[in-house]
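Trainee: Structure file start.cif (mmCIF, C-alpha atoms and all ligand atoms) right here:
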```cif
data_final
loop_
_atom_site.label_atom_id
_atom_site.label_comp_id
_atom_site.auth_asym_id
_atom_site.auth_seq_id
_atom_site.Cartn_x
_atom_site.Cartn_y
_atom_site.Cartn_z
CA MET A 1 0.00 0.00 0.00
CA ILE A 2 2.63 2.51 1.05
CA GLY A 3 4.89 1.42 -1.79
CA GLN A 4 2.11 2.24 -4.27
CA LEU A 5 1.44 5.59 -2.70
CA SER A 6 5.06 6.63 -2.84
CA ASP A 7 5.29 5.58 -6.47
CA GLU A 8 2.35 7.85 -7.24
CA ILE A 9 3.96 10.71 -5.42
CA GLY A 10 7.36 10.12 -6.90
CA ALA A 11 10.82 9.93 -5.48
CA ASP A 12 11.44 13.64 -5.83
CA SER A 13 8.36 14.88 -4.03
CA SER A 14 9.44 18.15 -2.43
CA SER A 15 7.05 17.71 0.46
CA ALA A 16 7.90 14.77 2.65
CA THR A 17 4.39 14.61 4.02
CA MET A 18 1.71 13.02 1.91
CA LYS A 19 -1.97 13.59 2.40
CA LEU A 20 -3.91 10.88 0.68
CA ILE A 21 -7.41 9.55 1.17
CA GLY A 22 -7.79 11.85 4.14
CA ALA A 23 -4.96 10.27 6.15
CA TRP A 24 -1.52 11.63 6.91
CA ILE A 25 1.28 9.27 6.20
CA MET A 26 4.47 10.47 7.79
CA LYS A 27 7.87 9.74 6.39
CA ILE A 28 9.81 8.82 9.50
CA ALA A 29 13.45 7.89 10.00
CA TRP A 30 14.02 5.89 13.18
CA ALA A 31 17.58 5.44 14.38
CA LEU A 32 18.60 2.94 17.04
CA THR A 33 21.98 3.26 18.72
CA GLY A 34 23.79 0.62 20.77
CA ALA A 35 21.95 0.86 24.09
CA GLY A 36 20.41 -2.09 25.90
CA HIS A 37 18.52 0.36 28.10
CA LEU A 38 15.08 1.27 26.66
CA LEU A 39 15.85 -0.99 23.69
CA LEU A 40 12.92 -3.40 23.96
CA GLU A 41 10.59 -0.49 24.67
CA SER A 42 11.90 1.29 21.55
CA VAL A 43 11.53 -1.80 19.36
CA GLU A 44 7.98 -2.40 20.61
CA LEU A 45 7.00 1.12 19.69
CA LEU A 46 8.80 0.92 16.36
CA GLU A 47 6.73 -2.20 15.64
CA GLU A 48 3.59 -0.23 16.42
CA VAL A 49 4.55 2.65 14.17
CA ALA A 50 6.10 0.75 11.25
CA GLY A 51 4.29 -2.57 11.53
CA ARG A 52 0.82 -1.22 10.90
CA ASP A 53 1.79 0.49 7.64
CA GLU A 54 0.35 3.76 8.96
CA HIS A 55 3.62 5.53 8.37
CA GLN A 56 6.59 5.00 6.11
CA VAL A 57 9.58 4.20 8.30
CA THR A 58 13.25 3.99 7.36
CA VAL A 59 15.30 2.28 10.10
CA LEU A 60 18.89 3.36 10.72
CA LEU A 61 21.19 1.29 12.91
CA SER A 62 24.49 2.49 14.28
CA GLY A 63 27.18 -0.20 14.14
CA ALA A 64 26.74 -0.77 17.87
CA GLY A 65 22.98 -0.62 17.44
CA GLU A 66 23.12 -3.56 15.04
CA GLU A 67 25.34 -5.57 17.40
CA VAL A 68 23.30 -4.86 20.50
CA LEU A 69 19.99 -5.62 18.78
CA LYS A 70 21.41 -9.03 17.85
CA MET A 71 22.62 -9.70 21.42
CA TYR A 72 19.11 -9.07 22.73
CA GLY A 73 17.52 -11.20 20.01
CA LEU A 74 15.74 -8.19 18.50
CA PHE A 75 17.54 -7.69 15.19
CA ASN A 76 15.23 -9.89 13.10
CA ARG A 77 12.16 -8.24 14.60
CA VAL A 78 13.43 -4.88 13.42
CA LYS A 79 14.59 -6.19 10.06
CA SER A 80 11.17 -7.71 9.38
CA LEU A 81 9.62 -4.22 9.56
CA THR A 82 11.73 -2.96 6.67
CA GLY A 83 11.82 -3.37 2.91
CA GLY A 84 11.01 -0.96 0.11
CA TYR A 85 11.71 2.60 -0.82
CA TYR A 86 11.91 4.85 2.25
CA GLN A 87 11.39 1.70 4.33
CA GLU A 88 14.96 0.48 4.13
CA LEU A 89 17.11 -0.99 6.87
CA VAL A 90 20.16 1.28 6.77
CA LEU A 91 23.25 -0.20 8.41
CA GLU A 92 26.17 1.98 9.41
CA LYS A 93 28.67 -0.46 7.92
CA ASP A 94 27.04 -0.10 4.48
CA GLN A 95 27.20 3.69 4.57
CA MET A 96 30.99 3.79 4.72
CA TRP A 97 32.44 7.10 5.92
CA SER A 98 30.30 9.77 4.26
CA TYR A 99 26.79 8.42 5.01
CA PRO A 100 25.13 9.21 1.67
CA ILE A 101 21.71 8.42 3.17
CA SER A 102 22.08 11.69 5.08
CA GLY A 103 21.28 13.57 1.87
CA ARG A 104 17.64 12.70 2.50
CA PHE A 105 17.87 14.62 5.77
CA SER A 106 19.58 17.72 4.42
CA LEU A 107 16.97 17.80 1.63
CA GLY A 108 14.17 17.65 4.18
CA ARG A 109 12.73 14.42 2.81
CA TYR A 110 11.48 13.15 6.17
CA ASP A 111 8.80 14.58 8.44
CA LEU A 112 10.46 13.30 11.57
CA LEU A 113 13.72 11.77 12.78
CA ILE A 114 13.51 9.67 15.94
CA VAL A 115 16.58 8.43 17.79
CA SER A 116 15.49 5.88 20.38
CA PRO A 117 17.34 4.67 22.31
CA THR A 118 20.21 7.17 22.18
CA THR A 119 23.47 6.09 23.85
CA SER A 120 25.53 8.40 26.02
CA ASN A 121 28.22 8.14 23.32
CA THR A 122 25.95 9.49 20.58
CA ILE A 123 24.60 12.19 22.90
CA ALA A 124 28.10 13.35 23.85
CA LYS A 125 28.98 13.67 20.19
CA LEU A 126 25.77 15.52 19.36
CA VAL A 127 26.17 18.15 22.06
CA HIS A 128 29.65 18.87 20.73
CA GLY A 129 28.46 19.15 17.14
CA ILE A 130 30.24 15.98 16.04
CA ALA A 131 28.75 14.21 13.03
CA ASP A 132 31.13 11.33 12.35
CA SER A 133 28.74 8.38 12.58
CA LEU A 134 25.56 7.34 10.78
CA VAL A 135 23.29 8.58 13.55
CA THR A 136 25.13 11.75 14.54
CA ASN A 137 25.34 12.66 10.85
CA ALA A 138 21.62 12.03 10.37
CA VAL A 139 20.82 14.34 13.31
CA ALA A 140 23.18 17.04 12.02
CA GLN A 141 21.76 16.90 8.50
CA ALA A 142 18.20 16.81 9.86
CA GLY A 143 19.01 20.12 11.54
CA LYS A 144 20.14 21.53 8.21
CA GLY A 145 17.05 20.20 6.45
CA LYS A 146 14.78 21.54 9.24
CA ILE A 147 13.47 18.08 10.09
CA ARG A 148 12.03 17.80 13.57
CA THR A 149 14.12 15.41 15.65
CA LEU A 150 13.02 13.49 18.74
CA LEU A 151 15.65 11.93 20.95
CA VAL A 152 15.20 9.47 23.80
CA PRO A 153 18.46 9.56 25.80
CA VAL A 154 19.29 6.63 28.04
CA ASP A 155 20.91 8.84 30.69
CA LEU A 156 18.43 11.57 31.40
CA GLU A 157 18.04 11.47 35.17
CA SER A 158 20.71 11.39 37.89
CA GLY A 159 20.95 8.42 40.20
CA ASP A 160 20.70 4.67 39.69
CA VAL A 161 18.55 2.94 37.09
CA GLU A 162 17.68 -0.66 36.44
CA THR A 163 18.60 -2.09 33.09
CA VAL A 164 18.50 -5.48 31.44
CA LEU A 165 21.42 -7.69 30.39
CA PRO A 166 21.72 -9.98 27.35
CA SER A 167 22.59 -13.68 27.77
CA LYS A 168 25.30 -14.31 30.34
CA LEU A 169 27.19 -17.40 31.48
CA GLU A 170 26.83 -17.58 35.27
CA LEU A 171 30.12 -19.17 36.28
CA ASP A 172 29.00 -19.80 39.87
CA LEU A 173 26.28 -22.12 38.49
CA CYS A 174 28.31 -23.63 35.65
CA GLN A 175 29.25 -27.26 36.35
CA ASN A 176 31.89 -27.49 33.63
CA CYS A 177 30.15 -30.52 32.12
CA ASP A 178 32.16 -32.75 29.77
CA THR A 179 29.67 -31.83 27.06
CA CYS A 180 28.29 -28.34 27.48
CA GLU A 181 24.64 -28.56 26.43
CA ALA A 182 24.39 -24.78 26.16
CA ALA A 183 27.36 -24.59 23.78
CA ALA A 184 26.03 -27.52 21.74
CA ALA A 185 22.65 -25.79 21.38
CA CYS A 186 24.11 -22.46 20.27
CA PRO A 187 23.59 -21.95 16.50
CA PRO A 188 26.39 -19.38 16.01
CA ASP A 189 28.82 -21.26 18.29
CA ALA A 190 29.15 -18.26 20.60
CA ILE A 191 29.86 -20.12 23.86
CA THR A 192 33.25 -21.10 25.20
CA PRO A 193 32.20 -23.67 27.84
CA GLY A 194 33.06 -22.67 31.40
CA VAL A 195 34.42 -19.32 30.19
CA GLU A 196 32.02 -16.88 28.49
CA ILE A 197 29.56 -16.05 25.75
CA ASN A 198 30.99 -14.11 22.83
CA LEU A 199 28.31 -11.46 22.55
CA LEU A 200 29.48 -10.44 19.10
CA LYS A 201 28.48 -13.89 17.87
CA CYS A 202 25.37 -14.24 20.07
CA GLN A 203 22.03 -13.84 18.27
CA GLY A 204 20.00 -13.65 21.45
CA CYS A 205 17.97 -16.75 20.53
CA ALA A 206 18.06 -18.05 24.15
CA ALA A 207 18.60 -21.68 23.06
CA CYS A 208 21.50 -21.85 25.54
CA GLN A 209 19.25 -20.81 28.43
CA VAL A 210 16.83 -23.62 27.64
CA ALA A 211 19.56 -26.21 27.05
CA CYS A 212 21.65 -25.82 30.20
CA PRO A 213 20.25 -28.22 32.84
CA PHE A 214 21.87 -26.18 35.63
CA GLY A 215 20.42 -22.81 34.67
CA ALA A 216 23.93 -21.48 34.20
CA VAL A 217 22.95 -19.17 31.34
CA SER A 218 20.90 -16.19 32.34
CA GLY A 219 19.06 -13.86 29.99
CA GLY A 220 17.30 -10.63 30.76
CA SER A 221 18.81 -10.27 34.25
CA ILE A 222 18.19 -6.87 35.75
CA ILE A 223 21.15 -4.90 37.05
CA THR A 224 21.37 -1.46 38.62
CA ILE A 225 23.73 1.00 37.02
CA HIS A 226 24.74 4.46 38.10
CA MET A 227 24.16 7.35 35.72
CA ARG A 228 27.36 9.35 35.33
CA GLU A 229 26.96 13.08 35.89
CA ILE A 230 28.73 13.88 32.61
CA ASP A 231 26.18 11.79 30.69
CA VAL A 232 23.22 13.34 32.50
CA ALA A 233 24.66 16.82 31.90
CA ASN A 234 25.11 16.05 28.19
CA SER A 235 21.51 14.83 27.94
CA ARG A 236 20.36 18.14 29.42
CA LYS A 237 22.52 20.12 26.99
CA LEU A 238 20.88 18.21 24.18
CA GLN A 239 17.68 20.13 24.86
CA GLN A 240 19.41 23.30 23.70
CA LEU A 241 20.14 21.91 20.24
CA GLU A 242 18.14 23.60 17.51
CA GLY A 243 15.28 21.50 16.17
CA VAL A 244 15.79 18.76 18.76
CA GLU A 245 13.19 17.65 21.30
CA VAL A 246 14.25 15.41 24.15
CA ILE A 247 11.70 12.97 25.49
CA GLN A 248 11.93 10.66 28.47
CA HIS A 249 10.51 7.41 27.23
CA PRO A 250 9.82 5.77 23.85
CA ASN A 251 6.10 5.62 24.71
CA GLU A 252 5.95 9.42 24.47
CA ILE A 253 6.86 9.22 20.78
CA LYS A 254 3.22 8.39 19.98
CA ASN A 255 2.20 11.89 21.09
CA HIS A 256 4.34 13.35 18.31
CA LEU A 257 2.81 11.44 15.39
CA TYR A 258 -0.13 12.67 13.37
C1 LIG B 301 25.02 -5.37 25.80
C2 LIG B 301 25.37 -3.92 25.69
C3 LIG B 301 24.49 -2.97 26.19
C4 LIG B 301 24.81 -1.60 26.13
N1 LIG B 301 23.95 -0.71 26.67
C5 LIG B 301 24.26 0.60 26.66
C6 LIG B 301 23.34 1.54 27.22
O1 LIG B 301 22.28 1.19 27.75
N2 LIG B 301 23.67 2.85 27.17
C7 LIG B 301 24.85 3.29 26.58
O2 LIG B 301 25.07 4.49 26.56
N3 LIG B 301 25.73 2.42 26.04
C8 LIG B 301 25.46 1.08 26.05
N4 LIG B 301 26.33 0.19 25.50
C9 LIG B 301 27.61 0.68 24.94
C10 LIG B 301 27.46 1.22 23.50
O3 LIG B 301 27.00 0.22 22.63
C11 LIG B 301 28.81 1.79 23.02
O4 LIG B 301 29.14 2.93 23.77
C12 LIG B 301 28.82 2.13 21.55
O5 LIG B 301 30.11 2.62 21.18
C13 LIG B 301 27.78 3.17 21.21
O6 LIG B 301 27.87 3.51 19.82
P1 LIG B 301 26.68 4.34 19.13
O7 LIG B 301 26.42 5.52 19.99
O8 LIG B 301 27.26 4.73 17.79
O9 LIG B 301 25.53 3.43 18.97
C14 LIG B 301 26.04 -1.18 25.54
C15 LIG B 301 26.91 -2.14 25.02
C16 LIG B 301 26.57 -3.50 25.11
C17 LIG B 301 27.56 -4.51 24.56
#
```
Could you render the structure as structure tokens?
Ligand SMILES: Cc1cc2nc3c(=O)[nH]c(=O)nc-3n(C[C@H](O)[C@H](O)[C@H](O)COP(=O)(O)O)c2cc1C

Mentor:
Amino acid sequence: MIGQLSDEIGADSSSATMKLIGAWIMKIAWALTGAGHLLLESVELLEEVAGRDEHQVTVLLSGAGEEVLKMYGLFNRVKSLTGGYYQELVLEKDQMWSYPISGRFSLGRYDLLIVSPTTSNTIAKLVHGIADSLVTNAVAQAGKGKIRTLLVPVDLESGDVETVLPSKLELDLCQNCDTCEAAAACPPDAITPGVEINLLKCQGCAACQVACPFGAVSGGSIITIHMREIDVANSRKLQQLEGVEVIQHPNEIKNHLY
């Protein structure tokens, strides 16, 4: 449906917003950076926005965003939402060093850029005007193209917050079995028995958690982490950036859609 509509409008439509059959279809770019915090919440909302075909959503993943999505078993969920013109899955590694996709932002082709979740790394770069990654470049060019930008920082409030871990080998429970059932069950061979899980190989499928008879692989454990003052201060500075709106939680994004 959306594919047809965009064909009718044409690739060079000067207005990014299309009003057809009485409904607004927004052209949205949604960037995910490499944060585990607020990641599931962001993906769930992305599914709501992109999955119902109400809006046309391009998904951008920072290099770390791609890795972290895989670790939490969420990459394929995000990938399945993409496909088609202005509904691409844009990976940092495919954009090389100059991020040609950013031209869409400087030309004002989108109605909205969302970055959720936004890591402290990306925020620190943004508040210093750095644009040397896929996502920081998209935000910078969105500013030039006067595209409204919503950011959900992971480090907004001082103090301690609870966050969720990907799969983890719990060595105090590991029995060092002759044959490690968890390692045998792991499709990408990410587990070194009795040692660790290589998270860069892990696909977050949780087969290891099911296979280990001693419960020595945890997944989704909650830990408490301390928000560093420099990260909180950077998140506050972000609010002063032209064209940028900072919001606290991915759920608030809904209030900004037509
Ligand atoms: C499992 C995992 C979870 C992470 N969660 C966070 C997080 O919640 N917040 C954060 O700022 N960085 C987090 N990081 C670190 C970032 O991925 C790292 O700083 C990366 O360089 C960010 O790059 P990006 O800003 O280009 O996405 C996490 C890393 C891993 C491996």

Trainee: Sorted by chain and rising residue number, which residues of region 121-149 of chain A lie within 12 Å of region 214-236 of chain A, and what are their closest atom pairs and distances in Å to one decimal, counting only C-alpha atoms, as a Markdown table?

Mentor:
```
| residue | atom | partner | partner_atom | distance |
| --- | --- | --- | --- | --- |
| A:Asn121 | CA | A:Asp231 | CA | 8.5 |
| A:Thr122 | CA | A:Asn234 | CA | 10.1 |
| A:Ile123 | CA | A:Ser235 | CA | 6.5 |
| A:Ala124 | CA | A:Asn234 | CA | 5.9 |
| A:Lys125 | CA | A:Asn234 | CA | 9.2 |
| A:Leu126 | CA | A:Asn234 | CA | 8.9 |
| A:Val127 | CA | A:Asn234 | CA | 6.6 |
| A:His128 | CA | A:Asn234 | CA | 9.2 |
| A:Gly129 | CA | A:Asn234 | CA | 12.0 |
```

Trainee: What residues have any atom no more than 7 Å from ligand LIG 301 (chain B) when counting all atoms listed in the file, and can you list them as a PDB file with C-alpha atoms, in the frame of the given file?

Mentor:
```
ATOM      1  CA  THR A  33      21.980   3.260  18.720  1.00  0.00           C
ATOM      2  CA  GLY A  34      23.790   0.620  20.770  1.00  0.00           C
ATOM      3  CA  ALA A  35      21.950   0.860  24.090  1.00  0.00           C
ATOM      4  CA  GLY A  36      20.410  -2.090  25.900  1.00  0.00           C
ATOM      5  CA  HIS A  37      18.520   0.360  28.100  1.00  0.00           C
ATOM      6  CA  SER A  62      24.490   2.490  14.280  1.00  0.00           C
ATOM      7  CA  GLY A  63      27.180  -0.200  14.140  1.00  0.00           C
ATOM      8  CA  ALA A  64      26.740  -0.770  17.870  1.00  0.00           C
ATOM      9  CA  GLY A  65      22.980  -0.620  17.440  1.00  0.00           C
ATOM     10  CA  VAL A  68      23.300  -4.860  20.500  1.00  0.00           C
ATOM     11  CA  MET A  71      22.620  -9.700  21.420  1.00  0.00           C
ATOM     12  CA  THR A 118      20.210   7.170  22.180  1.00  0.00           C
ATOM     13  CA  THR A 119      23.470   6.090  23.850  1.00  0.00           C
ATOM     14  CA  SER A 120      25.530   8.400  26.020  1.00  0.00           C
ATOM     15  CA  ASN A 121      28.220   8.140  23.320  1.00  0.00           C
ATOM     16  CA  THR A 122      25.950   9.490  20.580  1.00  0.00           C
ATOM     17  CA  SER A 133      28.740   8.380  12.580  1.00  0.00           C
ATOM     18  CA  VAL A 135      23.290   8.580  13.550  1.00  0.00           C
ATOM     19  CA  VAL A 154      19.290   6.630  28.040  1.00  0.00           C
ATOM     20  CA  LEU A 165      21.420  -7.690  30.390  1.00  0.00           C
ATOM     21  CA  PRO A 166      21.720  -9.980  27.350  1.00  0.00           C
TER      22      PRO A 166
END
```

Trainee: Which of these residues is nearest to Ser106 (chain A), using all atoms listed in the file: A:Met26, A:Val139, A:Val161, A:Leu81?

Mentor: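 Selected residue with least distance to Ser106 (chain A): A:Val139.
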
Trainee: For Lys79 (chain A), which residue among A:Val210, A:Leu113, A:Val43, A:Met96 is the nearest when counting only C-alpha atoms?

Mentor: A:Val43

Trainee: Name the residues in contact with Cys208 (chain A) at a cut-off of 10 Å, using all atoms listed in the file, excluding same-chain residues fewer than 6 positions from it; report them as number ranges by chain.

Mentor: A: 167-169, 180-187, 190-191, 197, 215-219

Trainee: Measure the distance from CA of Thr192 (chain A) to CA of Ala206 (chain A) in Å and round it to one decimal.

Mentor: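 Straight-line distance from CA of Thr192 (chain A) to CA of Ala206 (chain A) works out to 15.5 Å.
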
Trainee: Using Å and a single decimal, report how far CA of Leu112 (chain A) sits from CA of Ile147 (chain A).

Mentor: 5.8 Å

Trainee: From the set A:Leu171, A:Leu156, A:Leu107, A:Val164, which residue has the shortest atom-to-atom contact distance to Gln239 (chain A), counting all atoms listed in the file?

Mentor: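 Under the stated criterion, the closest residue is A:Leu156.
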
Trainee: For each of A:Gly73, A:Gly84, A:Pro117, A:Gly243, take the minimum atom-to-atom distance to Leu61 (chain A), counting all atoms listed in the file, then give the residue where this is smallest.

Mentor: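 Closest to Leu61 (chain A) of all the choices is A:Pro117.
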
Trainee: Mind giving me the axis-aligned box for region 241-253 of chain A with 4 Å on every side, centre plus edges in Å to one decimal, as lines of an AutoDock Vina configuration file?

Mentor:
```
center_x = 13.0
center_y = 14.6
center_z = 22.3
size_x = 22.2
size_y = 26.0
size_z = 20.3
```

Trainee: One decimal, Å: what's the distance from CA of Glu252 (chain A) over to CA of Gln95 (chain A), could you say?

Mentor: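 So the answer is 29.7 Å.
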
Trainee: With only C-alpha atoms as the basis for distance, which of A:Gln87, A:His256, A:Thr179, A:Glu196 is at the shortest distance from Ala211 (chain A)?

Mentor: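 Using only C-alpha atoms, the shortest distance to Ala211 (chain A) belongs to A:Thr179.
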
Trainee: Mind rebuilding region 65-97 of chain A with N, CA and C atoms and writing that out as a short mmCIF file (atom, residue, chain, number, x, y, z; two decimals), in the coordinates of the input?

Mentor:
```cif
data_model
loop_
_atom_site.label_atom_id
_atom_site.label_comp_id
_atom_site.auth_asym_id
_atom_site.auth_seq_id
_atom_site.Cartn_x
_atom_site.Cartn_y
_atom_site.Cartn_z
N GLY A 65 24.41 -0.32 17.39
CA GLY A 65 22.98 -0.62 17.44
C GLY A 65 22.69 -1.98 16.82
N GLU A 66 23.32 -2.25 15.69
CA GLU A 66 23.12 -3.56 15.04
C GLU A 66 23.61 -4.69 15.96
N GLU A 67 24.78 -4.50 16.54
CA GLU A 67 25.34 -5.57 17.40
C GLU A 67 24.45 -5.81 18.61
N VAL A 68 24.06 -4.72 19.25
CA VAL A 68 23.30 -4.86 20.50
C VAL A 68 21.90 -5.44 20.24
N LEU A 69 21.29 -5.03 19.13
CA LEU A 69 19.99 -5.62 18.78
C LEU A 69 20.12 -7.14 18.64
N LYS A 70 21.21 -7.58 18.01
CA LYS A 70 21.41 -9.03 17.85
C LYS A 70 21.59 -9.70 19.21
N MET A 71 22.39 -9.10 20.09
CA MET A 71 22.62 -9.70 21.42
C MET A 71 21.31 -9.90 22.19
N TYR A 72 20.39 -8.97 22.00
CA TYR A 72 19.11 -9.07 22.73
C TYR A 72 18.05 -9.82 21.92
N GLY A 73 18.46 -10.40 20.81
CA GLY A 73 17.52 -11.20 20.01
C GLY A 73 16.45 -10.36 19.33
N LEU A 74 16.76 -9.09 19.06
CA LEU A 74 15.74 -8.19 18.50
C LEU A 74 16.02 -7.78 17.06
N PHE A 75 17.16 -8.17 16.53
CA PHE A 75 17.54 -7.69 15.19
C PHE A 75 16.52 -8.14 14.13
N ASN A 76 16.15 -9.40 14.15
CA ASN A 76 15.23 -9.89 13.10
C ASN A 76 13.85 -9.26 13.21
N ARG A 77 13.45 -8.93 14.44
CA ARG A 77 12.16 -8.24 14.60
C ARG A 77 12.20 -6.89 13.91
N VAL A 78 13.30 -6.20 14.06
CA VAL A 78 13.43 -4.88 13.42
C VAL A 78 13.55 -5.04 11.91
N LYS A 79 14.38 -5.99 11.50
CA LYS A 79 14.59 -6.19 10.06
C LYS A 79 13.27 -6.52 9.35
N SER A 80 12.42 -7.28 10.02
CA SER A 80 11.17 -7.71 9.38
C SER A 80 10.22 -6.52 9.12
N LEU A 81 10.48 -5.40 9.74
CA LEU A 81 9.62 -4.22 9.56
C LEU A 81 10.03 -3.42 8.33
N THR A 82 11.16 -3.79 7.74
CA THR A 82 11.73 -2.96 6.67
C THR A 82 11.60 -3.64 5.31
N GLY A 83 11.88 -2.86 4.28
CA GLY A 83 11.82 -3.37 2.91
C GLY A 83 11.05 -2.40 2.05
N GLY A 84 11.69 -1.89 1.01
CA GLY A 84 11.01 -0.96 0.11
C GLY A 84 11.61 0.43 0.21
N TYR A 85 11.19 1.25 -0.74
CA TYR A 85 11.71 2.60 -0.82
C TYR A 85 11.25 3.42 0.38
N TYR A 86 12.16 4.10 1.02
CA TYR A 86 11.91 4.85 2.25
C TYR A 86 11.47 3.93 3.40
N GLN A 87 11.65 2.64 3.23
CA GLN A 87 11.39 1.70 4.33
C GLN A 87 12.58 0.76 4.46
N GLU A 88 13.75 1.30 4.12
CA GLU A 88 14.96 0.48 4.13
C GLU A 88 15.47 0.24 5.55
N LEU A 89 16.30 -0.79 5.66
CA LEU A 89 17.11 -0.99 6.87
C LEU A 89 18.50 -0.47 6.51
N VAL A 90 18.89 0.64 7.12
CA VAL A 90 20.16 1.28 6.77
C VAL A 90 21.18 0.95 7.85
N LEU A 91 22.21 0.22 7.45
CA LEU A 91 23.25 -0.20 8.41
C LEU A 91 24.46 0.71 8.28
N GLU A 92 25.01 1.08 9.42
CA GLU A 92 26.17 1.98 9.41
C GLU A 92 27.29 1.42 8.55
N LYS A 93 27.53 0.11 8.64
CA LYS A 93 28.67 -0.46 7.92
C LYS A 93 28.50 -0.35 6.40
N ASP A 94 27.27 -0.24 5.93
CA ASP A 94 27.04 -0.10 4.48
C ASP A 94 27.14 1.34 4.00
N GLN A 95 27.20 2.26 4.94
CA GLN A 95 27.20 3.69 4.57
C GLN A 95 28.60 4.28 4.54
N MET A 96 29.57 3.41 4.78
CA MET A 96 30.99 3.79 4.72
C MET A 96 31.28 5.01 5.59
N TRP A 97 31.97 5.99 5.07
CA TRP A 97 32.44 7.10 5.92
C TRP A 97 31.70 8.40 5.68
#
```
